[in-house]
Each structure stands twice: as structure tokens, then as C-alpha cells.
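Taking it in order: structure first as C-alpha cells, then the write-up.
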Amino acid sequence: MVTQWNPLLNPPALVSTFRTWKQALKINLVEESSQTQVSLYGTGAVVPQPIIEQSMTPFESLLWNVWLPKVRTTINNEWDPYDFSPAIKLYETWGSFLPPFVRDNMLDQLILPKLAKAVSEWNPKRSTSSLQSLVFPWLPHLGLRVDTILDDARRKVKSMLRAWVAVDGLPPDLAVWRDVFAGAEWDNLLLKYVVPKLASHLREEFRVNPRAQEMRPLVEVVLPWSSLLRGSVMSQLLETEFFPKWLDVLYIWLIQPRVSFEEVAQWYAFWKGVFAEDVLALKGVQKGFTRGLQLMNEAIELGRPDAKAELATAAGISKGPTKRTVLPSRTHEITFRSIVEEYAAEHNLLFMPTGRAHDTSRMPLYRVSGPSGKGGVLVYVQDDAVWAPEGDEYRAVSLEEMVLRANK
């Protein structure tokens with residue numbers, strides 16, 4: 001009967017049979033007292049019996065010598081750990097029926113070795129099944145043994161992220177492993193192996209081009225990670241690698257002689273629609289789009305007086321009061337900035353907005369640098385002067401000094 005039984009194909013087949021044998025092999029013994037009373041000098045005294053190691057009962061011996069070898073042969077030769085269902089059904093069917101030492105032997109000697117070997121050999125590029133489908137179904141049954149499997153699984157996840165490249169996109173089902181790692185360990189893992197690659201991909205592969213925009217580096221590679229990265233990390237990533245490029249293109253567009261503010265506003269609205277609501281709420285993202293609006297408003301102040309309403313309508317921005325007052329000092333400041341920009345261009349220097357503002361004056365900061373866009377000096381324009389850093393403070397400098405410092 002046992003020889004013809006396949007434990008994986010039909011786990012409950014022999015349960016009723018072994019239950020019958022359990023009753024048949026049960027030996028009803030009258031339990032003897034564990035204490036022996038003797039008479040010492042006419043008084044009763046209790047002398048405990050020596051402890052004797054208990055051997056297996058006849059039924060336990062039947063399980064150990066008949067049932068377990070059959071299960072051992074089947075699991076060792078036929079069970080594929082990736083097909084977890086038959087083995088789990090076998091364990092759940094017999095687990096409450098088996099003596100603890102038989103059940104432990106089944107886990108420790110039969111199931112865990114094959115499961116651990118499968119986890120150790122799992123490879124994200126070659127394996128057809130996911131790592132979690134191999135590990136997670138067994139977690140409710142392993143008890144204290146769970147660390148043995150999870151430690152190796154965590155190493156596999158780390159190794160996978162270490163070898164991951166940005167163009168592969170977000171690994172499928174990576175989110176399910178978040179709770180397996182401690183919070184700080186998960187964040188550090190992504191900061192070490194993922195964020196630098198995302199930043200490099202945005203920096204090298206993403207371009208802002210209103211005429212033929214390629215969205216994949218941002219939309220398919222970077223933004224899907226927003227659900228796994230901490231908000232502050234995603235905010236800094238976009239503030240550092242996306243918005244400087246976006247603001248540069250916006251600025252260049254706005255200074256064109258025949259700029260269409262309606263088209264600019266529609267482009268602005270398009271980009272706001274690219275980001276999900278939770279990403280739009282991030283501090284760095286809000287700051288980037290706010291800076292874009294500031295550049296658009298500055299351009300309008302120097303352009304057509306009626307462009308403000310056109311801009312608000314196309315971008316979906318609330319107009320507010322229809323009456324608008326243009327401050328002469330602000331217009332004068334923008335005019336002087338144009339002079340500074342022309343002077344920089346005459347010396348083969350770029351004068352580009354950074355998307356940030358000076359902490360004290362709240363004036364927009366610009367980077368004056370060579371054609372590569374690297375290095376240079378940060379400045380802001382106010383009161384007919386260029387202000388550049390001097391230690392922890394900013395002081396007014398001449399245009400000649402600005403050029404000298406930009407070329408260092």
C-alpha cells in the first residue's frame with residue numbers, strides 16, 4: 001500500500017489508514033506511580049524512580065520506518081522546489097498528525113536542504129520563476145528556521161540590485177521584499193545600488209526637447225521608482241537631475257523674439273501632467289515648477305501686456321485679479337540682467353538659471369560658466385549689480401571680476 005502511494009500527487013491518501021493503525025497499535029498500560037514508597041525505620045518515605053529515556057511507540061516506529069522513507073524518496077527524487085504546492089499540501093495534511101520529531105525531520109532533512117539549494121542557485125536572468133514564489137509560501141511553516149532561508153534570499157536581492165542597470169526598468173515584484181528588510185536597511189540598499197544609477201541615467205540619457213520629446217528615460221525608468229524610494233530621495237533626484245535641464249530649455253524658449261506664450265503654457269501644463277499627484281507634492285518638484293512660473297512671468301513683464309491672461313488660460317493657472325501692476329524696479333532689474341547676459345556671451349560664457357534662489361534676497365541664482373556648463377560661479381542680479389559669493393556672504397562684483405571668477 002505504501003509502496004504504491006505517491007505523497008506529492010495524493011497527500012491525504014493514507015491518512016485514514018494510518019489513523020486506524022494508530023488506534024490498533026495503541027497499548028493501554030496502567031500508568032505506574034512515578035514514586036515508590038518504602039519503609040525506613042518504621043516511617044514511610046518516598047524514593048523517586050530513576051529517569052529512563054523513552055523509546056518510540058509502535059506507531060511512531062511505523063511512521064519512522066515505513067512512512068518517512070517513502071516521503072524521503074519522493075521529495076529527494078521528484079519534488080521541484082519551484083512547484084511548492086504539492087510539498088506544502090503534504091506538510092499541511094500530515095503535520096498535525098505526525099509526532100514532533102518526525103515532522104521536524106521532514107522539514108530539516110528533506111524540505112529545507114532542497115529549498116536552500118534552490119534559493120542559492122536562483123538567478124534573476126536565468127530563472128523562470130521569481131524568488132518570492134520560491135520563498136514566501138514556506139514562511140508560515142518554518143518558524144525559527146525562517147532566518148536560514150531569508151538571510152540567503154536577502155543576499156540574492158542585494159546581488160540583483162548590485163547588477164541592475166537603469167535601462168532594465170523596475171524589477172518585477174521588488175516591492176514585496178520591502179518588509180523583509182529592516183526600514184533603514186532597505187533605504188540604504190536603494191541609496192547604494194539604485195539612486196546613483198537613476199541619477200546617471202537622467203543626466204546622460206534624458207534631454208528636454210519640445211519638438212521631439214523622448215520620455216522613456218524619465219517616465220519608464222525613473223518615475224516608477226517613486227513608490228519604493230523615500231519622498232525626500234525622489235525629490236532631490238528630480239531637483240538635481242531633471243529641473244536644471246527643464247528650466248534651461250524654458251529659459252531659452254522664453255528669450256526667443258517671437259515666443260508664443262500660449263505654446264509655452266501648454267508645454268508647462270503637459271509636464272505637470274507627466275508626474276503623479278504624490279510626486280507633484282514633493283518639495284523639490286513644487287519648487288521646480290514654481291521657478292518655471294517665475295521665469296514665465298518675468299518674460300511676460302518684458303513682452304506683451306496681454307500675455308498674462310493667455311499664459312494663465314493655456315496653463316490652467318488661476319488668473320487672480322485682472323488688474324496688474326508692473327514694478328519699474330523689477331523691469332529695470334531684468335533689463336540689467338540682459339546686459340550681464342550679453343557681457344557673458346561676449347566672453348564665451350554661459351549665463352544660465354539654476355532653478356534656485358538666494359537664501360536671503362530670494363533673487364534667482366544663475367551659473368556663469370564656460371561652454372561645458374561645469375564649474376563657474378553662482379551669481380544673482382539686484383540693484384544694477386552682480387552679486388557673487390565671498391565666503392559665506394554675497395557681495396557686489398564688477399562684470400570683469402565675474403568673468404575672471406567664471407574662468408577659474
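Chain lettering (A, B, ...) mirrors the order of the C-alpha cells, residue numbering begins at 1 for each chain separately, and ligand numbering begins at 1 in order of display.
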
Exercise. Skipping near chain neighbours, those fewer than 3 positions away, what residues fall within 10 Å of A:Trp225 using only C-alpha atoms, listed as a PyMOL selection string?
Worked result: chain A and resi 169-171+175+190+194-195+198+219-222+228-230+234

At a cut-off of 12 Å, using only C-alpha atoms, what residues contact stretch 289-291 of chain A? Leave out same-chain residues fewer than 5 positions from it and give the result as a PDB file with N, CA and C atoms, in the first residue's frame.
```
ATOM      1  N   LEU A 238      15.010  64.475  -8.679  1.00  0.00           N
ATOM      2  CA  LEU A 238      14.393  65.271  -9.739  1.00  0.00           C
ATOM      3  C   LEU A 238      14.876  66.719  -9.693  1.00  0.00           C
ATOM      4  N   GLU A 239      15.061  67.248  -8.491  1.00  0.00           N
ATOM      5  CA  GLU A 239      15.525  68.628  -8.361  1.00  0.00           C
ATOM      6  C   GLU A 239      16.932  68.791  -8.919  1.00  0.00           C
ATOM      7  N   PHE A 242      16.619  66.606 -13.162  1.00  0.00           N
ATOM      8  CA  PHE A 242      15.590  66.920 -14.156  1.00  0.00           C
ATOM      9  C   PHE A 242      15.375  68.416 -14.325  1.00  0.00           C
ATOM     10  N   PHE A 243      15.130  69.115 -13.231  1.00  0.00           N
ATOM     11  CA  PHE A 243      14.695  70.507 -13.348  1.00  0.00           C
ATOM     12  C   PHE A 243      15.754  71.461 -13.905  1.00  0.00           C
ATOM     13  N   PRO A 244      17.048  71.297 -13.627  1.00  0.00           N
ATOM     14  CA  PRO A 244      18.012  72.191 -14.291  1.00  0.00           C
ATOM     15  C   PRO A 244      17.909  72.131 -15.816  1.00  0.00           C
ATOM     16  N   TRP A 246      15.237  71.158 -17.572  1.00  0.00           N
ATOM     17  CA  TRP A 246      13.913  71.668 -17.941  1.00  0.00           C
ATOM     18  C   TRP A 246      13.880  73.197 -17.882  1.00  0.00           C
ATOM     19  N   LEU A 247      14.461  73.778 -16.841  1.00  0.00           N
ATOM     20  CA  LEU A 247      14.476  75.234 -16.692  1.00  0.00           C
ATOM     21  C   LEU A 247      15.375  75.897 -17.737  1.00  0.00           C
ATOM     22  N   ASP A 248      16.459  75.243 -18.117  1.00  0.00           N
ATOM     23  CA  ASP A 248      17.334  75.791 -19.161  1.00  0.00           C
ATOM     24  C   ASP A 248      16.583  75.926 -20.481  1.00  0.00           C
ATOM     25  N   LEU A 250      13.314  76.013 -20.909  1.00  0.00           N
ATOM     26  CA  LEU A 250      12.266  77.011 -20.744  1.00  0.00           C
ATOM     27  C   LEU A 250      12.821  78.422 -20.887  1.00  0.00           C
ATOM     28  N   TYR A 251      13.955  78.666 -20.269  1.00  0.00           N
ATOM     29  CA  TYR A 251      14.567  79.993 -20.342  1.00  0.00           C
ATOM     30  C   TYR A 251      14.941  80.350 -21.783  1.00  0.00           C
ATOM     31  N   ALA A 265       2.871  77.856 -22.239  1.00  0.00           N
ATOM     32  CA  ALA A 265       1.967  77.478 -21.150  1.00  0.00           C
ATOM     33  C   ALA A 265       1.427  76.065 -21.343  1.00  0.00           C
ATOM     34  N   TRP A 267       2.993  73.688 -22.887  1.00  0.00           N
ATOM     35  CA  TRP A 267       4.147  72.816 -22.602  1.00  0.00           C
ATOM     36  C   TRP A 267       4.322  72.656 -21.093  1.00  0.00           C
ATOM     37  N   TYR A 268       4.148  73.748 -20.363  1.00  0.00           N
ATOM     38  CA  TYR A 268       4.239  73.716 -18.900  1.00  0.00           C
ATOM     39  C   TYR A 268       3.156  72.785 -18.331  1.00  0.00           C
ATOM     40  N   ALA A 269       1.930  72.921 -18.824  1.00  0.00           N
ATOM     41  CA  ALA A 269       0.835  72.083 -18.345  1.00  0.00           C
ATOM     42  C   ALA A 269       1.079  70.615 -18.690  1.00  0.00           C
ATOM     43  N   PHE A 270       1.644  70.359 -19.868  1.00  0.00           N
ATOM     44  CA  PHE A 270       1.967  68.980 -20.252  1.00  0.00           C
ATOM     45  C   PHE A 270       2.919  68.339 -19.246  1.00  0.00           C
ATOM     46  N   TRP A 271       3.977  69.064 -18.875  1.00  0.00           N
ATOM     47  CA  TRP A 271       4.968  68.497 -17.963  1.00  0.00           C
ATOM     48  C   TRP A 271       4.396  68.284 -16.567  1.00  0.00           C
ATOM     49  N   LYS A 272       3.510  69.142 -16.136  1.00  0.00           N
ATOM     50  CA  LYS A 272       2.878  68.914 -14.832  1.00  0.00           C
ATOM     51  C   LYS A 272       2.015  67.648 -14.867  1.00  0.00           C
ATOM     52  N   GLY A 273       1.464  67.347 -16.031  1.00  0.00           N
ATOM     53  CA  GLY A 273       0.647  66.146 -16.160  1.00  0.00           C
ATOM     54  C   GLY A 273       1.447  64.865 -16.213  1.00  0.00           C
ATOM     55  N   PHE A 275       3.758  63.944 -14.090  1.00  0.00           N
ATOM     56  CA  PHE A 275       4.041  63.452 -12.740  1.00  0.00           C
ATOM     57  C   PHE A 275       2.749  63.103 -12.003  1.00  0.00           C
ATOM     58  N   LEU A 280       4.139  65.218  -7.599  1.00  0.00           N
ATOM     59  CA  LEU A 280       3.949  66.669  -7.702  1.00  0.00           C
ATOM     60  C   LEU A 280       3.974  67.339  -6.332  1.00  0.00           C
ATOM     61  N   ALA A 281       3.586  66.601  -5.295  1.00  0.00           N
ATOM     62  CA  ALA A 281       3.532  67.171  -3.947  1.00  0.00           C
ATOM     63  C   ALA A 281       4.905  67.255  -3.284  1.00  0.00           C
ATOM     64  N   LEU A 282       5.921  66.639  -3.883  1.00  0.00           N
ATOM     65  CA  LEU A 282       7.262  66.673  -3.291  1.00  0.00           C
ATOM     66  C   LEU A 282       7.818  68.094  -3.328  1.00  0.00           C
ATOM     67  N   LYS A 283       8.558  68.438  -2.306  1.00  0.00           N
ATOM     68  CA  LYS A 283       9.045  69.809  -2.155  1.00  0.00           C
ATOM     69  C   LYS A 283       9.910  70.246  -3.337  1.00  0.00           C
ATOM     70  N   GLY A 284      10.848  69.393  -3.751  1.00  0.00           N
ATOM     71  CA  GLY A 284      11.736  69.760  -4.857  1.00  0.00           C
ATOM     72  C   GLY A 284      11.000  69.934  -6.168  1.00  0.00           C
ATOM     73  N   MET A 296       8.453  82.452 -16.518  1.00  0.00           N
ATOM     74  CA  MET A 296       7.423  82.812 -17.485  1.00  0.00           C
ATOM     75  C   MET A 296       6.856  84.199 -17.181  1.00  0.00           C
ATOM     76  N   ASN A 297       6.627  84.482 -15.923  1.00  0.00           N
ATOM     77  CA  ASN A 297       6.108  85.797 -15.556  1.00  0.00           C
ATOM     78  C   ASN A 297       7.114  86.910 -15.818  1.00  0.00           C
ATOM     79  N   GLU A 298       8.390  86.629 -15.581  1.00  0.00           N
ATOM     80  CA  GLU A 298       9.431  87.620 -15.868  1.00  0.00           C
ATOM     81  C   GLU A 298       9.473  87.934 -17.356  1.00  0.00           C
ATOM     82  N   ALA A 315      -2.209  77.400 -19.410  1.00  0.00           N
ATOM     83  CA  ALA A 315      -1.559  76.557 -18.401  1.00  0.00           C
ATOM     84  C   ALA A 315      -2.524  76.098 -17.335  1.00  0.00           C
ATOM     85  N   ILE A 317      -3.812  78.050 -15.006  1.00  0.00           N
ATOM     86  CA  ILE A 317      -3.418  78.737 -13.787  1.00  0.00           C
ATOM     87  C   ILE A 317      -4.451  79.795 -13.464  1.00  0.00           C
ATOM     88  N   PRO A 353      20.069  79.938 -15.756  1.00  0.00           N
ATOM     89  CA  PRO A 353      19.357  79.848 -14.471  1.00  0.00           C
ATOM     90  C   PRO A 353      19.584  78.487 -13.819  1.00  0.00           C
ATOM     91  N   THR A 354      19.668  78.468 -12.501  1.00  0.00           N
ATOM     92  CA  THR A 354      19.879  77.214 -11.771  1.00  0.00           C
ATOM     93  C   THR A 354      18.580  76.641 -11.224  1.00  0.00           C
ATOM     94  N   GLY A 355      17.512  77.440 -11.237  1.00  0.00           N
ATOM     95  CA  GLY A 355      16.268  76.972 -10.645  1.00  0.00           C
ATOM     96  C   GLY A 355      16.222  77.145  -9.146  1.00  0.00           C
ATOM     97  N   ARG A 356      17.217  77.811  -8.580  1.00  0.00           N
ATOM     98  CA  ARG A 356      17.264  78.059  -7.134  1.00  0.00           C
ATOM     99  C   ARG A 356      17.292  79.558  -6.873  1.00  0.00           C
ATOM    100  N   ALA A 357      17.063  79.919  -5.624  1.00  0.00           N
ATOM    101  CA  ALA A 357      17.074  81.325  -5.244  1.00  0.00           C
ATOM    102  C   ALA A 357      18.053  81.546  -4.097  1.00  0.00           C
ATOM    103  N   ARG A 362      16.280  86.153  -1.922  1.00  0.00           N
ATOM    104  CA  ARG A 362      15.291  85.404  -2.691  1.00  0.00           C
ATOM    105  C   ARG A 362      15.343  85.708  -4.173  1.00  0.00           C
ATOM    106  N   MET A 363      16.463  86.285  -4.631  1.00  0.00           N
ATOM    107  CA  MET A 363      16.646  86.539  -6.055  1.00  0.00           C
ATOM    108  C   MET A 363      17.105  85.251  -6.734  1.00  0.00           C
ATOM    109  N   PRO A 364      16.697  85.036  -8.002  1.00  0.00           N
ATOM    110  CA  PRO A 364      17.097  83.813  -8.706  1.00  0.00           C
ATOM    111  C   PRO A 364      18.611  83.761  -8.916  1.00  0.00           C
ATOM    112  N   LEU A 365      19.171  82.576  -8.738  1.00  0.00           N
ATOM    113  CA  LEU A 365      20.612  82.367  -8.917  1.00  0.00           C
ATOM    114  C   LEU A 365      20.891  81.904 -10.348  1.00  0.00           C
TER     115      LEU A 365
END
```

For this session: Between A:Val233, A:Pro224, A:Ala299, A:Pro210, single out the one closest to A:Asp187, counting only C-alpha atoms.
Result: A:Val233

Exercise. DSSP says helix (DSSP H, G or I) for which residues of stretch 32-217 of chain A? Put them as JSON, numbers by chain?
Worked result: {"A": [58, 59, 60, 61, 62, 63, 64, 65, 66, 67, 68, 69, 70, 71, 72, 73, 74, 75, 76, 77, 78, 84, 85, 86, 87, 88, 89, 90, 91, 92, 93, 94, 95, 100, 101, 102, 103, 104, 105, 106, 107, 108, 109, 110, 111, 112, 113, 114, 115, 116, 117, 118, 119, 120, 121, 131, 132, 133, 134, 135, 136, 137, 138, 139, 140, 141, 142, 143, 144, 145, 146, 147, 148, 149, 150, 151, 152, 153, 154, 155, 156, 157, 158, 159, 160, 161, 162, 163, 166, 167, 168, 174, 175, 176, 177, 178, 179, 180, 183, 184, 185, 186, 187, 188, 189, 190, 191, 192, 193, 195, 196, 197, 198, 199, 200, 201, 202, 203, 204, 205, 216, 217]}

Problem set entry | Residue neighbourhood A:Gly95, 12 Å, only C-alpha atoms, exclusion window fewer than 5 positions, as an MDAnalysis selection string | chainID A and resid 11:12 15 87:90 100:107 141

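Minimum atom-to-atom distances from A:Trp186, A:Asp151, A:Phe84, A:Lys114 to A:Pro137 were compared using only C-alpha atoms, and the lowest value belongs to A:Phe84.
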
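Proximity to A:Gln294 was assessed for A:Leu254, A:Ala184, A:Val146, A:Glu262 counting only C-alpha atoms; the smallest distance is recorded for A:Leu254.
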
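Separating atom CA of A:Ala116 from atom CA of A:Trp67 is a distance of 24.0 Å.
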
Exercise. Which residues come within 8 Å of stretch 339-343 of chain A, counting only C-alpha atoms, excluding same-chain residues fewer than 5 positions away, as a PyMOL selection string?
Worked result: chain A and resi 350-351+386+399

Those same residues, written as a PDB file, in the first residue's frame with N, CA, C and O atoms?
```pdb
ATOM      1  N   LEU A 350      28.483  80.982 -20.512  1.00  0.00           N
ATOM      2  CA  LEU A 350      27.047  80.729 -20.390  1.00  0.00           C
ATOM      3  C   LEU A 350      26.508  81.439 -19.158  1.00  0.00           C
ATOM      4  O   LEU A 350      27.171  81.496 -18.119  1.00  0.00           O
ATOM      5  N   PHE A 351      25.301  81.982 -19.285  1.00  0.00           N
ATOM      6  CA  PHE A 351      24.635  82.634 -18.152  1.00  0.00           C
ATOM      7  C   PHE A 351      23.281  81.939 -18.017  1.00  0.00           C
ATOM      8  O   PHE A 351      22.318  82.298 -18.672  1.00  0.00           O
ATOM      9  N   VAL A 386      25.974  92.829  -9.965  1.00  0.00           N
ATOM     10  CA  VAL A 386      26.079  91.370  -9.930  1.00  0.00           C
ATOM     11  C   VAL A 386      26.635  90.980  -8.566  1.00  0.00           C
ATOM     12  O   VAL A 386      27.664  91.507  -8.136  1.00  0.00           O
ATOM     13  N   LEU A 399      31.555  93.348 -13.610  1.00  0.00           N
ATOM     14  CA  LEU A 399      31.394  92.359 -14.662  1.00  0.00           C
ATOM     15  C   LEU A 399      32.725  91.709 -15.022  1.00  0.00           C
ATOM     16  O   LEU A 399      32.782  90.512 -15.327  1.00  0.00           O
TER      17      LEU A 399
END
```

Problem set entry | Close residues, A:Ile149 itself excluded, 8 Å, only C-alpha atoms, min 6 positions apart in chain, as an MDAnalysis selection string | chainID A and resid 115:116 119 135

Exercise. Which neighbours of A:Thr74 fall inside 9 Å, counting only C-alpha atoms, when residues of the same chain fewer than 3 positions from it are skipped, and could you give them as a PyMOL selection string?
Worked result: chain A and resi 6-8+69-71+77-79

Kindly export the residues of the current selection with N, CA and C atoms, as a PDB file, in the first residue's frame.
```pdb
ATOM      1  N   ASN A   6       1.930   7.860  -3.856  1.00  0.00           N
ATOM      2  CA  ASN A   6       2.787   8.993  -4.222  1.00  0.00           C
ATOM      3  C   ASN A   6       2.407  10.165  -3.323  1.00  0.00           C
ATOM      4  N   PRO A   7       3.250  10.510  -2.354  1.00  0.00           N
ATOM      5  CA  PRO A   7       2.910  11.559  -1.380  1.00  0.00           C
ATOM      6  C   PRO A   7       2.639  12.922  -1.999  1.00  0.00           C
ATOM      7  N   LEU A   8       3.269  13.205  -3.146  1.00  0.00           N
ATOM      8  CA  LEU A   8       3.104  14.532  -3.756  1.00  0.00           C
ATOM      9  C   LEU A   8       1.830  14.621  -4.594  1.00  0.00           C
ATOM     10  N   PRO A  69      10.527   6.934   5.082  1.00  0.00           N
ATOM     11  CA  PRO A  69      11.368   6.584   3.923  1.00  0.00           C
ATOM     12  C   PRO A  69      10.666   6.821   2.586  1.00  0.00           C
ATOM     13  N   LYS A  70       9.357   6.536   2.532  1.00  0.00           N
ATOM     14  CA  LYS A  70       8.625   6.782   1.291  1.00  0.00           C
ATOM     15  C   LYS A  70       8.583   8.268   0.965  1.00  0.00           C
ATOM     16  N   VAL A  71       8.307   9.087   1.971  1.00  0.00           N
ATOM     17  CA  VAL A  71       8.276  10.531   1.769  1.00  0.00           C
ATOM     18  C   VAL A  71       9.665  11.046   1.395  1.00  0.00           C
ATOM     19  N   ASN A  77      13.717  12.806  -4.915  1.00  0.00           N
ATOM     20  CA  ASN A  77      13.824  12.440  -6.325  1.00  0.00           C
ATOM     21  C   ASN A  77      12.816  13.152  -7.231  1.00  0.00           C
ATOM     22  N   GLU A  78      11.691  13.562  -6.693  1.00  0.00           N
ATOM     23  CA  GLU A  78      10.624  14.066  -7.562  1.00  0.00           C
ATOM     24  C   GLU A  78      10.224  15.517  -7.303  1.00  0.00           C
ATOM     25  N   TRP A  79      10.492  16.038  -6.128  1.00  0.00           N
ATOM     26  CA  TRP A  79       9.965  17.377  -5.810  1.00  0.00           C
ATOM     27  C   TRP A  79      10.839  18.485  -6.392  1.00  0.00           C
TER      28      TRP A  79
END
```
